[in-house]
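Data block for protein22.txt (compact mmCIF, C-alpha atoms):
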```txt
# COMPACT_ATOMS: atom_id res chain seq x y z
CA MET A 24 -45.78 66.24 78.25
CA ALA A 25 -48.73 66.33 75.86
CA SER A 26 -48.64 68.86 73.05
CA ILE A 27 -51.72 71.07 73.15
CA ALA A 28 -52.47 73.53 70.38
CA VAL A 29 -55.12 76.20 70.10
CA CYS A 30 -56.76 76.81 66.74
CA PRO A 31 -58.46 80.22 67.09
CA GLY A 32 -60.95 82.00 64.89
CA SER A 33 -64.41 83.45 64.57
CA PHE A 34 -65.59 80.52 62.39
CA ASP A 35 -68.62 82.45 61.10
CA PRO A 36 -69.26 79.89 59.68
CA ILE A 37 -66.73 77.08 59.72
CA THR A 38 -65.64 76.10 56.18
CA TYR A 39 -63.76 73.22 54.59
CA GLY A 40 -60.71 75.49 54.66
CA HIS A 41 -60.94 75.71 58.45
CA LEU A 42 -61.51 71.95 58.70
CA ASP A 43 -58.46 71.28 56.56
CA ILE A 44 -56.26 73.24 58.98
CA ILE A 45 -57.90 71.63 62.04
CA LYS A 46 -57.52 68.07 60.72
CA ARG A 47 -53.90 68.62 59.75
CA GLY A 48 -53.15 70.18 63.14
CA ALA A 49 -54.81 67.22 64.86
CA LYS A 50 -52.30 64.92 63.14
CA VAL A 51 -49.37 66.84 64.63
CA PHE A 52 -50.55 67.74 68.13
CA ASP A 53 -51.88 65.46 70.87
CA GLN A 54 -54.80 67.83 71.50
CA VAL A 55 -56.28 70.67 69.44
CA SER A 56 -58.59 73.12 71.14
CA ILE A 57 -60.67 75.09 68.70
CA CYS A 58 -61.28 78.44 70.32
CA VAL A 59 -64.06 80.64 69.01
CA LEU A 60 -62.95 84.14 69.90
CA ASN A 61 -65.25 87.10 70.20
CA ASN A 62 -63.75 89.55 67.70
CA SER A 63 -65.01 93.01 68.65
CA SER A 64 -64.27 94.32 65.14
CA LYS A 65 -66.63 91.80 63.53
CA LYS A 66 -70.40 91.53 63.72
CA PRO A 67 -71.06 87.79 63.54
CA PHE A 68 -73.84 86.33 61.40
CA PHE A 69 -74.23 83.27 63.63
CA THR A 70 -74.50 83.57 67.39
CA LEU A 71 -71.68 82.20 69.51
CA GLU A 72 -73.88 79.25 70.50
CA GLU A 73 -74.71 78.48 66.85
CA ARG A 74 -71.04 78.59 65.83
CA LEU A 75 -70.01 76.33 68.71
CA ALA A 76 -72.76 73.82 67.84
CA LEU A 77 -71.78 73.76 64.15
CA ILE A 78 -68.09 73.31 64.93
CA LYS A 79 -68.80 70.53 67.43
CA GLU A 80 -70.96 68.75 64.86
CA VAL A 81 -68.40 68.88 62.04
CA THR A 82 -65.45 67.91 64.26
CA LYS A 83 -67.15 65.17 66.29
CA ASP A 84 -65.22 62.46 64.42
CA ILE A 85 -61.82 63.94 65.29
CA PRO A 86 -61.14 62.46 68.74
CA ASN A 87 -58.38 64.83 69.85
CA VAL A 88 -60.30 68.04 69.07
CA THR A 89 -62.28 70.06 71.61
CA VAL A 90 -64.36 73.18 71.02
CA ASN A 91 -64.53 76.16 73.36
CA SER A 92 -65.09 79.91 73.32
CA TYR A 93 -63.22 82.70 75.01
CA GLU A 94 -63.58 86.42 75.43
CA GLY A 95 -60.24 88.05 75.93
CA LEU A 96 -56.71 87.58 74.72
CA LEU A 97 -55.93 84.37 72.85
CA ILE A 98 -52.69 84.01 74.78
CA ASP A 99 -54.62 84.03 78.08
CA TYR A 100 -56.87 81.24 76.81
CA ALA A 101 -53.85 79.26 75.65
CA LYS A 102 -52.24 79.61 79.08
CA SER A 103 -55.49 78.59 80.82
CA ILE A 104 -55.50 75.21 79.03
CA GLN A 105 -51.71 74.82 79.25
CA ALA A 106 -51.31 74.97 75.47
CA ASN A 107 -47.81 75.17 74.10
CA ALA A 108 -48.78 76.09 70.55
CA ILE A 109 -51.13 78.15 68.41
CA ILE A 110 -52.13 76.97 64.95
CA ARG A 111 -52.83 79.61 62.32
CA GLY A 112 -53.91 78.96 58.75
CA LEU A 113 -52.46 80.95 55.87
CA ARG A 114 -54.32 81.26 52.57
CA ALA A 115 -52.13 83.71 50.72
CA VAL A 116 -49.20 86.07 51.11
CA SER A 117 -51.74 88.80 51.97
CA ASP A 118 -52.57 86.92 55.20
CA PHE A 119 -48.94 86.83 56.28
CA GLU A 120 -48.44 90.46 57.32
CA TYR A 121 -51.49 90.46 59.62
CA GLU A 122 -50.60 87.05 61.05
CA MET A 123 -47.00 88.15 61.66
CA GLN A 124 -48.22 91.13 63.70
CA ILE A 125 -50.52 88.93 65.82
CA THR A 126 -47.79 86.32 66.30
CA SER A 127 -45.24 88.96 67.30
CA MET A 128 -47.64 90.40 69.88
CA ASN A 129 -48.40 86.93 71.25
CA ARG A 130 -44.66 86.30 71.53
CA VAL A 131 -44.27 89.47 73.60
CA LEU A 132 -47.09 88.29 75.88
CA SER A 133 -45.75 84.74 76.22
CA GLU A 134 -42.47 83.41 74.85
CA GLU A 135 -43.40 79.85 75.90
CA ILE A 136 -46.24 79.50 73.38
CA GLU A 137 -45.11 78.97 69.78
CA THR A 138 -47.20 79.77 66.70
CA PHE A 139 -47.29 77.31 63.82
CA PHE A 140 -48.53 78.35 60.40
CA ILE A 141 -50.20 75.80 58.16
CA MET A 142 -50.62 76.68 54.51
CA THR A 143 -54.11 75.95 53.33
CA ASN A 144 -54.77 73.33 50.73
CA ASN A 145 -54.71 75.02 47.29
CA GLN A 146 -58.34 74.16 46.65
CA TYR A 147 -59.32 76.39 49.60
CA SER A 148 -56.89 79.28 49.05
CA PHE A 149 -59.70 81.64 47.97
CA LEU A 150 -62.16 80.52 50.62
CA SER A 151 -63.38 82.71 53.46
CA SER A 152 -66.45 82.71 55.66
CA SER A 153 -67.43 86.06 54.14
CA ILE A 154 -67.42 84.63 50.61
CA VAL A 155 -69.47 81.63 51.74
CA LYS A 156 -72.08 83.89 53.36
CA GLU A 157 -72.30 86.11 50.28
CA VAL A 158 -72.79 83.18 47.89
CA SER A 159 -75.29 81.53 50.22
CA LYS A 160 -77.26 84.77 50.61
CA TYR A 161 -78.02 84.69 46.90
CA ASN A 162 -78.74 80.94 46.81
CA GLY A 163 -75.43 80.01 45.19
CA ASP A 164 -74.08 76.48 45.51
CA ILE A 165 -71.75 76.26 48.52
CA SER A 166 -71.82 72.47 48.85
CA GLU A 167 -68.11 72.17 48.03
CA LEU A 168 -67.16 74.93 50.46
CA VAL A 169 -68.84 73.90 53.72
CA PRO A 170 -70.18 70.73 55.35
CA LYS A 171 -73.87 69.93 54.74
CA VAL A 172 -74.92 70.95 58.27
CA VAL A 173 -73.35 74.40 57.76
CA GLU A 174 -74.99 74.78 54.35
CA GLU A 175 -78.36 73.95 55.91
CA ALA A 176 -77.81 76.38 58.78
CA LEU A 177 -76.97 79.19 56.35
CA THR A 178 -80.04 78.47 54.21
CA LYS A 179 -82.30 78.40 57.27
CA LYS A 180 -80.85 81.64 58.64
CA TYR A 181 -81.21 83.52 55.33
CA GLN A 182 -84.77 82.24 54.87
CA ALA A 183 -85.65 83.48 58.37
CA LEU A 184 -84.17 86.91 57.58
CA LYS A 185 -86.22 87.16 54.37
CA LYS A 186 -89.43 86.61 56.38
CA VAL A 187 -88.68 89.58 58.64
```
Please lay out the structure from this file as structure tokens.
Amino acid sequence: MASIAVCPGSFDPITYGHLDIIKRGAKVFDQVSICVLNNSSKKPFFTLEERLALIKEVTKDIPNVTVNSYEGLLIDYAKSIQANAIIRGLRAVSDFEYEMQITSMNRVLSEEIETFFIMTNNQYSFLSSSIVKEVSKYNGDISELVPKVVEEALTKKYQALKKV
């Protein structure tokens, strides 16, 4: 049986930290499905379509990665694609408590789907999409934080907002 893992997130936008987790997960699992979830507690900067397009572009060279979106419970998406694992990235100890709550709830909903935590590469331990957006908003250099296509998309989006 093939091992299928879901790598969920809002990816607003995708960063090198996200890509690090995705690439490492793709080495372990036969298939990794990146799932862009609609988080009702967040107001995304990029539309769902924009995020999907950016993720597809920056993962196109990873043959066992697919990109999808889902509105609803992550565990329901995982079941729908017959995934047997969820990949979660951890940056710091502060992430652990939140991730433990989510993992415990997912375990209640489905004991068959295991969660695997991957510690981020140290060079990305501070990195978040929020930080990237803030630095980009004020024309800071984000070239070492996100792929070129994401950097360009951020610049274009902020320039468009300034014209309004």
key: Counting only C-alpha atoms, the option among A:Lys180, A:Arg111, A:Arg74, A:Lys160 closest to Val55 in chain A   = A:Arg111
inquiry  = Which residues are close to Phe139 in chain A, i.e. within 9 Å by all atoms listed in the file, leaving aside same-chain residues fewer than 4 positions away? Reply as a PyMOL selection string.
reply    = chain A and resi 108-112
Save out the residues we just selected, C-alpha atoms, as an mmCIF file, keeping the file's coordinate frame.
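Ended up saving to part.cif:
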```
data_model
loop_
_atom_site.group_PDB
_atom_site.id
_atom_site.type_symbol
_atom_site.label_atom_id
_atom_site.label_comp_id
_atom_site.auth_asym_id
_atom_site.auth_seq_id
_atom_site.Cartn_x
_atom_site.Cartn_y
_atom_site.Cartn_z
ATOM 1 C CA ALA A 108 -48.780 76.090 70.550
ATOM 2 C CA ILE A 109 -51.130 78.150 68.410
ATOM 3 C CA ILE A 110 -52.130 76.970 64.950
ATOM 4 C CA ARG A 111 -52.830 79.610 62.320
ATOM 5 C CA GLY A 112 -53.910 78.960 58.750
#
```
task = Quick one: everything within 9 Å of Thr178 in chain A, counting only C-alpha atoms, minus sequence neighbours fewer than 3 positions away in the same chain. Send it as number ranges by chain.
result = A: 159-160, 162, 173-175, 181-183
key: Neighbour list for Asp118 in chain A as a ChimeraX atom specification, cut-off 12 Å, only C-alpha atoms, skip fewer than 6 positions in-chain   = /A:111-112,124-125,140-143,148-149,151
Next, dump the selected residues to file, keeping only C-alpha atoms, as a PDB file, keeping the file's coordinate frame.
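Dumped to out_33.pdb:
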```pdb
ATOM      1  CA  ARG A 111     -52.830  79.610  62.320  1.00  0.00           C
ATOM      2  CA  GLY A 112     -53.910  78.960  58.750  1.00  0.00           C
ATOM      3  CA  GLN A 124     -48.220  91.130  63.700  1.00  0.00           C
ATOM      4  CA  ILE A 125     -50.520  88.930  65.820  1.00  0.00           C
ATOM      5  CA  PHE A 140     -48.530  78.350  60.400  1.00  0.00           C
ATOM      6  CA  ILE A 141     -50.200  75.800  58.160  1.00  0.00           C
ATOM      7  CA  MET A 142     -50.620  76.680  54.510  1.00  0.00           C
ATOM      8  CA  THR A 143     -54.110  75.950  53.330  1.00  0.00           C
ATOM      9  CA  SER A 148     -56.890  79.280  49.050  1.00  0.00           C
ATOM     10  CA  PHE A 149     -59.700  81.640  47.970  1.00  0.00           C
ATOM     11  CA  SER A 151     -63.380  82.710  53.460  1.00  0.00           C
TER      12      SER A 151
END
```
task = In Å, rounded to a single decimal, give me how far CA of Phe69 in chain A is from CA of Lys179 in chain A.
result =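 About the pair CA of Lys179 in chain A and CA of Phe69 in chain A: they are 11.4 Å apart.
Shortest atom-to-atom contact with Ser92 in chain A among A:Met123, A:Met128, A:Val158, A:Leu75: A:Leu75, counting all atoms listed in the file.
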Could you produce a table of the residues of range 79-130 of chain A lying within 9 Å of range 27-49 of chain A, with the nearest pair of atoms per residue and their separation in Å rounded to one decimal, using all atoms listed in the file, ordered by chain and increasing residue number, as JSON lines?
```
{"residue": "A:Val81", "atom": "CA", "partner": "A:Leu42", "partner_atom": "CA", "distance": 8.2}
{"residue": "A:Thr82", "atom": "CA", "partner": "A:Leu42", "partner_atom": "CA", "distance": 7.9}
{"residue": "A:Ile85", "atom": "CA", "partner": "A:Lys46", "partner_atom": "CA", "distance": 7.5}
{"residue": "A:Pro86", "atom": "CA", "partner": "A:Ala49", "partner_atom": "CA", "distance": 8.8}
{"residue": "A:Asn87", "atom": "CA", "partner": "A:Ala49", "partner_atom": "CA", "distance": 6.6}
{"residue": "A:Val88", "atom": "CA", "partner": "A:Ala49", "partner_atom": "CA", "distance": 7.0}
{"residue": "A:Leu97", "atom": "CA", "partner": "A:Pro31", "partner_atom": "CA", "distance": 7.5}
{"residue": "A:Tyr100", "atom": "CA", "partner": "A:Val29", "partner_atom": "CA", "distance": 8.6}
{"residue": "A:Ala101", "atom": "CA", "partner": "A:Val29", "partner_atom": "CA", "distance": 6.5}
{"residue": "A:Ile104", "atom": "CA", "partner": "A:Ile27", "partner_atom": "CA", "distance": 8.1}
{"residue": "A:Gln105", "atom": "CA", "partner": "A:Ile27", "partner_atom": "CA", "distance": 7.2}
{"residue": "A:Ala106", "atom": "CA", "partner": "A:Ile27", "partner_atom": "CA", "distance": 4.6}
{"residue": "A:Asn107", "atom": "CA", "partner": "A:Ile27", "partner_atom": "CA", "distance": 5.7}
{"residue": "A:Ala108", "atom": "CA", "partner": "A:Ala28", "partner_atom": "CA", "distance": 4.5}
{"residue": "A:Ile109", "atom": "CA", "partner": "A:Val29", "partner_atom": "CA", "distance": 4.8}
{"residue": "A:Ile110", "atom": "CA", "partner": "A:Cys30", "partner_atom": "CA", "distance": 5.0}
{"residue": "A:Arg111", "atom": "CA", "partner": "A:Cys30", "partner_atom": "CA", "distance": 6.5}
{"residue": "A:Gly112", "atom": "CA", "partner": "A:Ile44", "partner_atom": "CA", "distance": 6.2}
{"residue": "A:Arg114", "atom": "CA", "partner": "A:Gly40", "partner_atom": "CA", "distance": 8.9}
```
query = Hey, can you check how far CA of Thr70 in chain A sits from CA of Tyr93 in chain A?
reply =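 CA of Tyr93 in chain A lies 13.6 Å from CA of Thr70 in chain A.
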query = Hey, which of A:Leu77, A:Ala25, A:Ile165, A:Leu132 ends up closest to Gln54 in chain A? Count all atoms listed in the file.
reply = A:Ala25
key: Distance of CA of Ser166 in chain A from CA of Ser153 in chain A, expressed in Å to one decimal place   = 15.2 Å
Selection: 8 Å around Val90 in chain A, only C-alpha atoms, excl. self and same-chain fewer than 4 positions, as a count of residues only = 7
key: Using all atoms listed in the file: which of A:Lys50, A:Asn61, A:Phe68, A:Gly95 has the shortest distance to Leu177 in chain A   = A:Phe68
task = Would you please work out which residue, of A:Leu71, A:Ala176, A:Leu184, A:Val131, is nearest to Ile98 in chain A when using all atoms listed in the file?
result =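 Of all the options, A:Val131 lies closest to Ile98 in chain A.
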request  = Select, from A:Val51, A:Leu60, A:Ile136, A:Leu168, the residue with the minimum atom-to-atom distance to Leu150 in chain A, counting only C-alpha atoms.
outcome  =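 Of A:Val51, A:Leu60, A:Ile136, A:Leu168, the one nearest Leu150 in chain A, counting only C-alpha atoms, is A:Leu168.
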Output range 125-136 of chain A with all heavy atoms present, as a PDB file, in the coordinates of the input.
```pdb
ATOM      1  N   ILE A 125     -49.857  89.628  64.715  1.00  0.00           N
ATOM      2  CA  ILE A 125     -50.520  88.930  65.820  1.00  0.00           C
ATOM      3  C   ILE A 125     -49.528  88.004  66.524  1.00  0.00           C
ATOM      4  O   ILE A 125     -49.449  87.973  67.757  1.00  0.00           O
ATOM      5  CB  ILE A 125     -51.732  88.117  65.305  1.00  0.00           C
ATOM      6  CG1 ILE A 125     -52.771  89.035  64.670  1.00  0.00           C
ATOM      7  CG2 ILE A 125     -52.333  87.262  66.406  1.00  0.00           C
ATOM      8  CD1 ILE A 125     -53.422  89.998  65.612  1.00  0.00           C
ATOM      9  N   THR A 126     -48.768  87.257  65.731  1.00  0.00           N
ATOM     10  CA  THR A 126     -47.790  86.320  66.300  1.00  0.00           C
ATOM     11  C   THR A 126     -46.726  87.064  67.099  1.00  0.00           C
ATOM     12  O   THR A 126     -46.340  86.615  68.185  1.00  0.00           O
ATOM     13  CB  THR A 126     -47.153  85.482  65.170  1.00  0.00           C
ATOM     14  OG1 THR A 126     -48.186  84.723  64.548  1.00  0.00           O
ATOM     15  CG2 THR A 126     -46.081  84.556  65.699  1.00  0.00           C
ATOM     16  N   SER A 127     -46.258  88.181  66.587  1.00  0.00           N
ATOM     17  CA  SER A 127     -45.240  88.960  67.300  1.00  0.00           C
ATOM     18  C   SER A 127     -45.778  89.474  68.623  1.00  0.00           C
ATOM     19  O   SER A 127     -45.081  89.433  69.648  1.00  0.00           O
ATOM     20  CB  SER A 127     -44.767  90.132  66.430  1.00  0.00           C
ATOM     21  OG  SER A 127     -44.139  89.638  65.273  1.00  0.00           O
ATOM     22  N   MET A 128     -47.029  89.924  68.641  1.00  0.00           N
ATOM     23  CA  MET A 128     -47.640  90.400  69.880  1.00  0.00           C
ATOM     24  C   MET A 128     -47.799  89.249  70.869  1.00  0.00           C
ATOM     25  O   MET A 128     -47.492  89.392  72.065  1.00  0.00           O
ATOM     26  CB  MET A 128     -48.993  91.046  69.588  1.00  0.00           C
ATOM     27  CG  MET A 128     -49.606  91.728  70.787  1.00  0.00           C
ATOM     28  SD  MET A 128     -48.686  93.210  71.264  1.00  0.00           S
ATOM     29  CE  MET A 128     -48.149  92.783  72.895  1.00  0.00           C
ATOM     30  N   ASN A 129     -48.248  88.101  70.376  1.00  0.00           N
ATOM     31  CA  ASN A 129     -48.400  86.930  71.250  1.00  0.00           C
ATOM     32  C   ASN A 129     -47.055  86.520  71.842  1.00  0.00           C
ATOM     33  O   ASN A 129     -46.972  86.103  72.993  1.00  0.00           O
ATOM     34  CB  ASN A 129     -49.039  85.761  70.502  1.00  0.00           C
ATOM     35  CG  ASN A 129     -50.516  85.967  70.299  1.00  0.00           C
ATOM     36  OD1 ASN A 129     -51.154  86.746  71.000  1.00  0.00           O
ATOM     37  ND2 ASN A 129     -51.067  85.269  69.321  1.00  0.00           N
ATOM     38  N   ARG A 130     -46.015  86.661  71.059  1.00  0.00           N
ATOM     39  CA  ARG A 130     -44.660  86.300  71.530  1.00  0.00           C
ATOM     40  C   ARG A 130     -44.208  87.237  72.653  1.00  0.00           C
ATOM     41  O   ARG A 130     -43.559  86.810  73.594  1.00  0.00           O
ATOM     42  CB  ARG A 130     -43.699  86.370  70.340  1.00  0.00           C
ATOM     43  CG  ARG A 130     -42.355  85.804  70.628  1.00  0.00           C
ATOM     44  CD  ARG A 130     -42.276  84.399  70.078  1.00  0.00           C
ATOM     45  NE  ARG A 130     -40.930  83.910  70.272  1.00  0.00           N
ATOM     46  CZ  ARG A 130     -40.652  82.824  70.962  1.00  0.00           C
ATOM     47  NH1 ARG A 130     -41.616  82.099  71.462  1.00  0.00           N
ATOM     48  NH2 ARG A 130     -39.423  82.434  71.112  1.00  0.00           N
ATOM     49  N   VAL A 131     -44.582  88.505  72.536  1.00  0.00           N
ATOM     50  CA  VAL A 131     -44.270  89.470  73.600  1.00  0.00           C
ATOM     51  C   VAL A 131     -45.012  89.076  74.882  1.00  0.00           C
ATOM     52  O   VAL A 131     -44.468  89.149  75.977  1.00  0.00           O
ATOM     53  CB  VAL A 131     -44.652  90.912  73.173  1.00  0.00           C
ATOM     54  CG1 VAL A 131     -44.629  91.874  74.352  1.00  0.00           C
ATOM     55  CG2 VAL A 131     -43.723  91.398  72.066  1.00  0.00           C
ATOM     56  N   LEU A 132     -46.259  88.640  74.725  1.00  0.00           N
ATOM     57  CA  LEU A 132     -47.090  88.290  75.880  1.00  0.00           C
ATOM     58  C   LEU A 132     -46.681  86.960  76.512  1.00  0.00           C
ATOM     59  O   LEU A 132     -46.873  86.750  77.711  1.00  0.00           O
ATOM     60  CB  LEU A 132     -48.562  88.248  75.476  1.00  0.00           C
ATOM     61  CG  LEU A 132     -49.152  89.584  75.023  1.00  0.00           C
ATOM     62  CD1 LEU A 132     -50.548  89.383  74.443  1.00  0.00           C
ATOM     63  CD2 LEU A 132     -49.176  90.578  76.169  1.00  0.00           C
ATOM     64  N   SER A 133     -46.165  86.039  75.686  1.00  0.00           N
ATOM     65  CA  SER A 133     -45.750  84.740  76.220  1.00  0.00           C
ATOM     66  C   SER A 133     -44.761  84.073  75.266  1.00  0.00           C
ATOM     67  O   SER A 133     -45.154  83.562  74.216  1.00  0.00           O
ATOM     68  CB  SER A 133     -46.953  83.812  76.410  1.00  0.00           C
ATOM     69  OG  SER A 133     -46.517  82.550  76.864  1.00  0.00           O
ATOM     70  N   GLU A 134     -43.504  84.041  75.680  1.00  0.00           N
ATOM     71  CA  GLU A 134     -42.470  83.410  74.850  1.00  0.00           C
ATOM     72  C   GLU A 134     -42.589  81.890  74.830  1.00  0.00           C
ATOM     73  O   GLU A 134     -42.022  81.241  73.965  1.00  0.00           O
ATOM     74  CB  GLU A 134     -41.079  83.805  75.355  1.00  0.00           C
ATOM     75  CG  GLU A 134     -40.725  85.236  75.068  1.00  0.00           C
ATOM     76  CD  GLU A 134     -39.294  85.563  75.474  1.00  0.00           C
ATOM     77  OE1 GLU A 134     -38.559  84.663  75.911  1.00  0.00           O
ATOM     78  OE2 GLU A 134     -38.920  86.742  75.341  1.00  0.00           O
ATOM     79  N   GLU A 135     -43.311  81.317  75.783  1.00  0.00           N
ATOM     80  CA  GLU A 135     -43.400  79.850  75.900  1.00  0.00           C
ATOM     81  C   GLU A 135     -44.352  79.234  74.870  1.00  0.00           C
ATOM     82  O   GLU A 135     -44.301  78.032  74.621  1.00  0.00           O
ATOM     83  CB  GLU A 135     -43.885  79.441  77.300  1.00  0.00           C
ATOM     84  CG  GLU A 135     -42.952  79.827  78.426  1.00  0.00           C
ATOM     85  CD  GLU A 135     -43.100  81.300  78.836  1.00  0.00           C
ATOM     86  OE1 GLU A 135     -44.242  81.808  78.835  1.00  0.00           O
ATOM     87  OE2 GLU A 135     -42.075  81.919  79.132  1.00  0.00           O
ATOM     88  N   ILE A 136     -45.242  80.035  74.308  1.00  0.00           N
ATOM     89  CA  ILE A 136     -46.240  79.500  73.380  1.00  0.00           C
ATOM     90  C   ILE A 136     -45.830  79.840  71.951  1.00  0.00           C
ATOM     91  O   ILE A 136     -45.742  81.012  71.575  1.00  0.00           O
ATOM     92  CB  ILE A 136     -47.643  80.033  73.704  1.00  0.00           C
ATOM     93  CG1 ILE A 136     -48.022  79.638  75.141  1.00  0.00           C
ATOM     94  CG2 ILE A 136     -48.672  79.508  72.707  1.00  0.00           C
ATOM     95  CD1 ILE A 136     -49.305  80.246  75.655  1.00  0.00           C
TER      96      ILE A 136
END
```
